[in-house]
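The data block below is structure17.txt; it holds compact mmCIF, C-alpha atoms.
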```
# COMPACT_ATOMS: atom_id res chain seq x y z
CA MET A 1 -74.76 158.01 335.32
CA ILE A 2 -77.31 157.38 338.04
CA LYS A 3 -77.17 159.29 341.31
CA LEU A 4 -78.93 158.02 344.39
CA ARG A 5 -79.05 159.35 347.89
CA SER A 6 -78.43 157.13 350.84
CA LYS A 7 -79.16 157.70 354.49
CA LYS A 8 -77.24 156.45 357.44
CA LEU A 9 -79.05 153.48 358.84
CA PHE A 10 -77.16 153.31 362.10
CA LYS A 11 -75.82 156.04 364.29
CA ARG A 12 -72.37 155.65 365.70
CA SER A 13 -72.45 155.70 369.44
CA SER A 14 -69.90 157.39 371.62
CA LYS A 15 -67.70 155.48 374.03
CA ASN A 16 -70.09 155.87 376.91
CA ASN A 17 -73.12 154.81 374.77
CA ALA A 18 -74.75 158.16 375.21
CA GLY A 19 -77.15 159.13 372.44
CA VAL A 20 -78.28 155.62 371.53
CA SER A 21 -81.82 156.74 371.16
CA GLY A 22 -84.14 156.03 368.28
CA SER A 23 -84.24 159.65 367.16
CA SER A 24 -81.96 160.80 364.42
CA SER A 25 -80.21 164.07 364.89
CA GLY A 26 -79.05 166.24 362.05
CA GLY A 27 -80.81 167.75 359.09
CA GLY A 28 -81.38 164.44 357.32
CA GLY A 29 -78.51 165.17 354.95
CA GLY A 30 -77.37 161.80 353.72
CA GLN A 31 -74.14 161.12 351.92
CA GLN A 32 -74.54 161.15 348.16
CA ILE A 33 -73.40 157.97 346.39
CA GLU A 34 -72.84 157.86 342.65
CA TRP A 35 -73.84 154.69 340.82
CA GLU A 36 -72.93 153.38 337.38
CA LEU A 37 -74.47 150.77 335.14
CA ARG A 38 -71.90 148.18 334.07
CA PRO A 39 -72.07 146.07 330.92
CA GLY A 40 -74.41 143.20 331.60
CA GLY A 41 -76.85 145.42 333.50
CA MET A 42 -75.20 145.36 336.94
CA LEU A 43 -75.68 148.52 339.00
CA VAL A 44 -72.59 149.22 341.13
CA GLN A 45 -71.20 152.08 343.20
CA LYS A 46 -68.95 154.27 341.08
CA ARG A 47 -65.25 154.02 341.82
CA GLU A 48 -63.41 157.07 343.09
CA GLY A 49 -60.58 156.75 340.55
CA GLY A 50 -62.81 156.80 337.47
CA LYS A 51 -62.77 160.03 335.49
CA GLY A 52 -66.28 160.53 334.18
CA GLY A 53 -66.76 156.84 333.44
CA GLY A 54 -64.18 156.85 330.62
CA GLU A 55 -60.90 155.84 332.23
CA VAL A 56 -58.15 155.32 329.64
CA ILE A 57 -55.53 152.63 330.15
CA ILE A 58 -52.39 151.70 328.23
CA VAL A 59 -52.20 148.07 327.11
CA ARG A 60 -48.89 146.64 325.91
CA VAL A 61 -49.58 144.32 322.97
CA SER A 62 -46.71 141.93 322.29
CA THR A 63 -46.30 140.13 318.97
CA GLY A 64 -43.29 138.11 320.09
CA SER A 65 -40.50 140.07 318.41
CA ASN A 66 -41.90 143.56 319.04
CA TRP A 67 -44.57 145.29 321.10
CA HIS A 68 -46.96 148.25 320.87
CA ASP A 69 -48.34 150.46 323.65
CA ILE A 70 -52.01 151.15 322.88
CA SER A 71 -54.26 153.61 324.74
CA ILE A 72 -57.85 152.40 325.02
CA GLY A 73 -60.83 152.81 327.32
CA ALA A 74 -60.86 150.47 330.31
CA SER A 75 -64.43 149.40 329.56
CA SER A 76 -63.68 148.53 325.91
CA THR A 77 -63.96 145.02 324.50
CA PHE A 78 -61.24 142.81 323.08
CA GLY A 79 -62.94 143.24 319.69
CA GLU A 80 -62.39 147.00 319.92
CA LEU A 81 -58.78 146.37 320.95
CA LYS A 82 -58.36 144.18 317.84
CA LEU A 83 -59.56 147.07 315.67
CA VAL A 84 -56.93 149.39 317.14
CA VAL A 85 -54.24 146.70 316.84
CA SER A 86 -55.18 146.20 313.17
CA MET A 87 -54.42 149.87 312.50
CA VAL A 88 -50.96 149.46 314.03
CA THR A 89 -49.96 146.02 312.72
CA GLY A 90 -51.91 145.65 309.49
CA LEU A 91 -53.42 142.32 310.61
CA GLU A 92 -57.17 142.18 310.17
CA PRO A 93 -59.17 141.60 313.37
CA ARG A 94 -60.33 138.16 312.18
CA GLU A 95 -56.68 137.14 311.76
CA GLN A 96 -55.79 138.04 315.36
CA ARG A 97 -55.89 135.98 318.52
CA LEU A 98 -55.46 137.97 321.75
CA LEU A 99 -54.30 136.18 324.88
CA PHE A 100 -54.44 137.64 328.38
CA ARG A 101 -53.19 135.67 331.38
CA GLY A 102 -52.70 132.59 329.21
CA LYS A 103 -56.26 132.43 327.85
CA GLU A 104 -57.58 133.47 324.48
CA ARG A 105 -60.23 136.13 324.94
CA GLU A 106 -63.42 136.47 322.92
CA ASP A 107 -64.24 139.66 321.02
CA ASP A 108 -67.17 140.48 323.31
CA ASP A 109 -65.15 140.14 326.56
CA PHE A 110 -64.68 143.48 328.32
CA LEU A 111 -61.13 144.44 329.33
CA HIS A 112 -62.02 145.53 332.86
CA MET A 113 -64.21 142.47 333.47
CA VAL A 114 -61.33 140.03 332.88
CA GLY A 115 -58.92 142.14 334.94
CA VAL A 116 -56.90 144.13 332.37
CA LYS A 117 -55.38 147.13 334.13
CA ASP A 118 -53.06 149.96 333.11
CA ARG A 119 -49.72 148.73 331.71
CA ASP A 120 -50.85 145.07 331.48
CA LYS A 121 -49.49 142.89 328.67
CA VAL A 122 -51.64 141.19 326.03
CA LEU A 123 -50.13 138.66 323.62
CA LEU A 124 -51.07 138.89 319.94
CA LEU A 125 -50.88 135.77 317.81
CA GLU A 126 -51.78 135.43 314.17
CA ASP A 127 -54.49 132.81 313.64
CA PRO A 128 -52.54 129.75 312.39
CA ALA A 129 -55.34 128.49 310.14
CA LEU A 130 -55.62 131.80 308.30
CA LYS A 131 -51.84 132.15 308.16
CA GLU A 132 -51.57 128.72 306.52
CA ARG A 133 -54.25 129.61 303.97
CA LYS A 134 -52.41 132.82 303.13
CA LEU A 135 -49.13 130.97 302.61
CA LYS A 136 -50.80 128.38 300.37
CA ALA A 137 -52.45 131.10 298.31
CA MET A 138 -49.18 132.99 297.90
CA GLY A 139 -46.98 129.93 297.39
CA SER A 140 -49.04 127.99 294.87
CA PRO A 141 -48.17 129.02 291.34
CA SER A 142 -51.04 129.83 289.09
CA PRO A 143 -51.48 127.38 286.20
CA THR A 144 -49.90 128.57 283.00
CA ILE A 145 -51.22 127.68 279.61
CA ILE A 146 -48.66 127.04 276.93
CA GLU A 147 -49.85 127.00 273.33
CA VAL A 148 -47.86 125.10 270.79
```

Re-express the file's structure as structure tokens.
Amino acid sequence: MIKLRSKKLFKRSSKNNAGVSGSSSGGGGGQQIEWELRPGGMLVQKREGGKGGGEVIIVRVSTGSNWHDISIGASSTFGELKLVVSMVTGLEPREQRLLFRGKEREDDDFLHMVGVKDRDKVLLLEDPALKERKLKAMGSPSPTIIEV
């Protein structure tokens, strides 16, 4: 966390415009602003609601027939969410496709950057190509050798 001090640049004037002089009154005590470094290197003013930079949100992951409520950090990636989902569902992360607001999200997309908030819903789909390969592997009988 980076802390910077800021000073008031402009003095508020009273209704009768008294005290609009160039001198600054007060002990020079500026308001302290806390800054945070976001993924991607952007320096922004820290939000009031954040608890130590590690806000935890609950994401509802729906698989169609059932759903799971998963607690995860707001600044986590979809790849990290896939890891947690794999523990709950048994699907490997490479077999998962996560959709938020109708778009499939990449593993390196951050939850808070695409707008995922507390109690938002994410749709989990099994990758159809991998699902088809699994079914072929399970459904094809292994060749049997018959000796006469």

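Between atom CA of A:Met87 and atom CA of A:Glu106 the separation is 19.2 Å.
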
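Across the structure, atom CA of A:Ile58 and atom CA of A:Leu111 are spaced 11.4 Å apart.
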
### Task
Please provide as a list of chain:residue names all residues within 9 Å of A:Arg101, with the sequence filter that same-chain residues fewer than 5 positions apart are discarded (counting all atoms listed in the file).
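Near A:Arg101, the qualifying residues are A:Lys121, A:Val122, A:Leu123.
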
### Task
Starting from the point (-59.2, 149.3, 330.8), work out which residues of protein, DNA or RNA have an atom no more than 7 Å away when counting all atoms listed in the file; state them as a count of residues only.
13

### Task
Could you jot down the atom CA of A:Lys134 to atom CA of A:Thr63 separation for me, Å, one decimal place?
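About the pair atom CA of A:Lys134 and atom CA of A:Thr63: they are 18.5 Å apart.
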
### Task
Find, counting only C-alpha atoms, the residue in A:Leu81, A:Met42, A:Val114, A:Leu98 that gets nearest to A:Ser62.
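Answer, going by the shortest atom-to-atom distance: A:Leu98.
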
### Task
Please provide the set of residues having any atom within 7 Å of A:Asp69, restricted to only C-alpha atoms, with same-chain residues fewer than 4 positions apart removed, written as a ChimeraX atom specification.
/A:58-61

### Message
Which residues are close to A:Glu126, i.e. within 10 Å by all atoms listed in the file, leaving aside same-chain residues fewer than 4 positions away? Reply as JSON, numbers by chain.
### Response
{"A": [63, 91, 92, 93, 94, 95, 96, 97, 98, 130, 131]}

### Pick from A:Leu125, A:Gly90, A:Trp67, A:Asp120 nearest to A:Glu104, counting all atoms listed in the file
A:Leu125

Model the absent atoms of stretch 31-42 of chain A so that all heavy atoms are present, and write the result as a CSV table (one decimal), keeping the file's coordinate frame.
```csv
chain,number,residue,atom,x,y,z
A,31,GLN,N,-75.3,161.1,352.8
A,31,GLN,CA,-74.1,161.1,351.9
A,31,GLN,C,-74.6,160.7,350.5
A,31,GLN,O,-75.3,159.8,350.3
A,31,GLN,CB,-73.1,160.1,352.4
A,31,GLN,CG,-71.9,160.0,351.6
A,31,GLN,CD,-70.9,159.0,352.1
A,31,GLN,OE1,-71.2,158.4,353.1
A,31,GLN,NE2,-69.8,158.8,351.4
A,32,GLN,N,-74.1,161.4,349.5
A,32,GLN,CA,-74.5,161.2,348.2
A,32,GLN,C,-73.6,160.1,347.6
A,32,GLN,O,-72.4,160.3,347.6
A,32,GLN,CB,-74.5,162.4,347.3
A,32,GLN,CG,-75.0,162.2,345.9
A,32,GLN,CD,-75.1,163.5,345.2
A,32,GLN,OE1,-74.9,164.6,345.7
A,32,GLN,NE2,-75.5,163.4,343.9
A,33,ILE,N,-74.2,159.0,347.0
A,33,ILE,CA,-73.4,158.0,346.4
A,33,ILE,C,-73.7,158.0,344.9
A,33,ILE,O,-74.9,158.0,344.5
A,33,ILE,CB,-73.8,156.6,347.0
A,33,ILE,CG1,-73.4,156.6,348.5
A,33,ILE,CG2,-73.0,155.5,346.3
A,33,ILE,CD1,-73.8,155.3,349.2
A,34,GLU,N,-72.7,157.9,344.1
A,34,GLU,CA,-72.8,157.9,342.6
A,34,GLU,C,-72.8,156.4,342.2
A,34,GLU,O,-72.0,155.6,342.7
A,34,GLU,CB,-71.8,158.7,341.9
A,34,GLU,CG,-71.8,160.1,342.2
A,34,GLU,CD,-70.8,160.9,341.4
A,34,GLU,OE1,-70.4,160.4,340.3
A,34,GLU,OE2,-70.5,162.0,341.8
A,35,TRP,N,-73.7,156.1,341.3
A,35,TRP,CA,-73.8,154.7,340.8
A,35,TRP,C,-73.6,154.7,339.3
A,35,TRP,O,-73.8,155.7,338.6
A,35,TRP,CB,-75.2,154.2,341.1
A,35,TRP,CG,-75.6,154.1,342.5
A,35,TRP,CD1,-76.1,155.1,343.3
A,35,TRP,CD2,-75.4,153.0,343.4
A,35,TRP,NE1,-76.2,154.7,344.6
A,35,TRP,CE2,-75.8,153.3,344.7
A,35,TRP,CE3,-74.9,151.7,343.2
A,35,TRP,CZ2,-75.8,152.5,345.8
A,35,TRP,CZ3,-74.9,150.8,344.3
A,35,TRP,CH2,-75.3,151.2,345.5
A,36,GLU,N,-73.1,153.5,338.8
A,36,GLU,CA,-72.9,153.4,337.4
A,36,GLU,C,-73.5,152.0,336.9
A,36,GLU,O,-73.5,151.1,337.7
A,36,GLU,CB,-71.5,153.5,337.0
A,36,GLU,CG,-70.5,152.5,337.5
A,36,GLU,CD,-69.1,152.7,337.1
A,36,GLU,OE1,-68.8,153.4,336.1
A,36,GLU,OE2,-68.2,152.1,337.8
A,37,LEU,N,-73.9,152.0,335.7
A,37,LEU,CA,-74.5,150.8,335.1
A,37,LEU,C,-73.4,150.1,334.3
A,37,LEU,O,-72.9,150.6,333.4
A,37,LEU,CB,-75.7,151.1,334.3
A,37,LEU,CG,-76.5,149.9,333.8
A,37,LEU,CD1,-77.1,149.2,335.0
A,37,LEU,CD2,-77.6,150.4,332.9
A,38,ARG,N,-73.0,148.9,334.7
A,38,ARG,CA,-71.9,148.2,334.1
A,38,ARG,C,-72.5,147.4,332.9
A,38,ARG,O,-73.7,147.1,332.9
A,38,ARG,CB,-71.2,147.2,335.1
A,38,ARG,CG,-70.4,147.9,336.1
A,38,ARG,CD,-69.0,148.1,335.7
A,38,ARG,NE,-68.3,148.9,336.6
A,38,ARG,CZ,-67.5,148.3,337.6
A,38,ARG,NH1,-67.5,147.0,337.7
A,38,ARG,NH2,-66.9,149.1,338.4
A,39,PRO,N,-71.6,147.0,332.0
A,39,PRO,CA,-72.1,146.1,330.9
A,39,PRO,C,-72.6,144.8,331.5
A,39,PRO,O,-72.1,144.3,332.5
A,39,PRO,CB,-70.8,145.8,330.1
A,39,PRO,CG,-69.9,146.9,330.4
A,39,PRO,CD,-70.2,147.3,331.8
A,40,GLY,N,-73.7,144.4,331.0
A,40,GLY,CA,-74.4,143.2,331.6
A,40,GLY,C,-75.6,143.6,332.5
A,40,GLY,O,-76.3,142.8,333.0
A,41,GLY,N,-75.7,144.9,332.7
A,41,GLY,CA,-76.8,145.4,333.5
A,41,GLY,C,-76.6,145.5,335.0
A,41,GLY,O,-77.6,145.7,335.7
A,42,MET,N,-75.4,145.3,335.5
A,42,MET,CA,-75.2,145.4,336.9
A,42,MET,C,-75.0,146.8,337.4
A,42,MET,O,-74.3,147.6,336.8
A,42,MET,CB,-73.9,144.6,337.3
A,42,MET,CG,-73.7,144.5,338.8
A,42,MET,SD,-72.1,143.6,339.2
A,42,MET,CE,-72.5,142.0,338.6
```
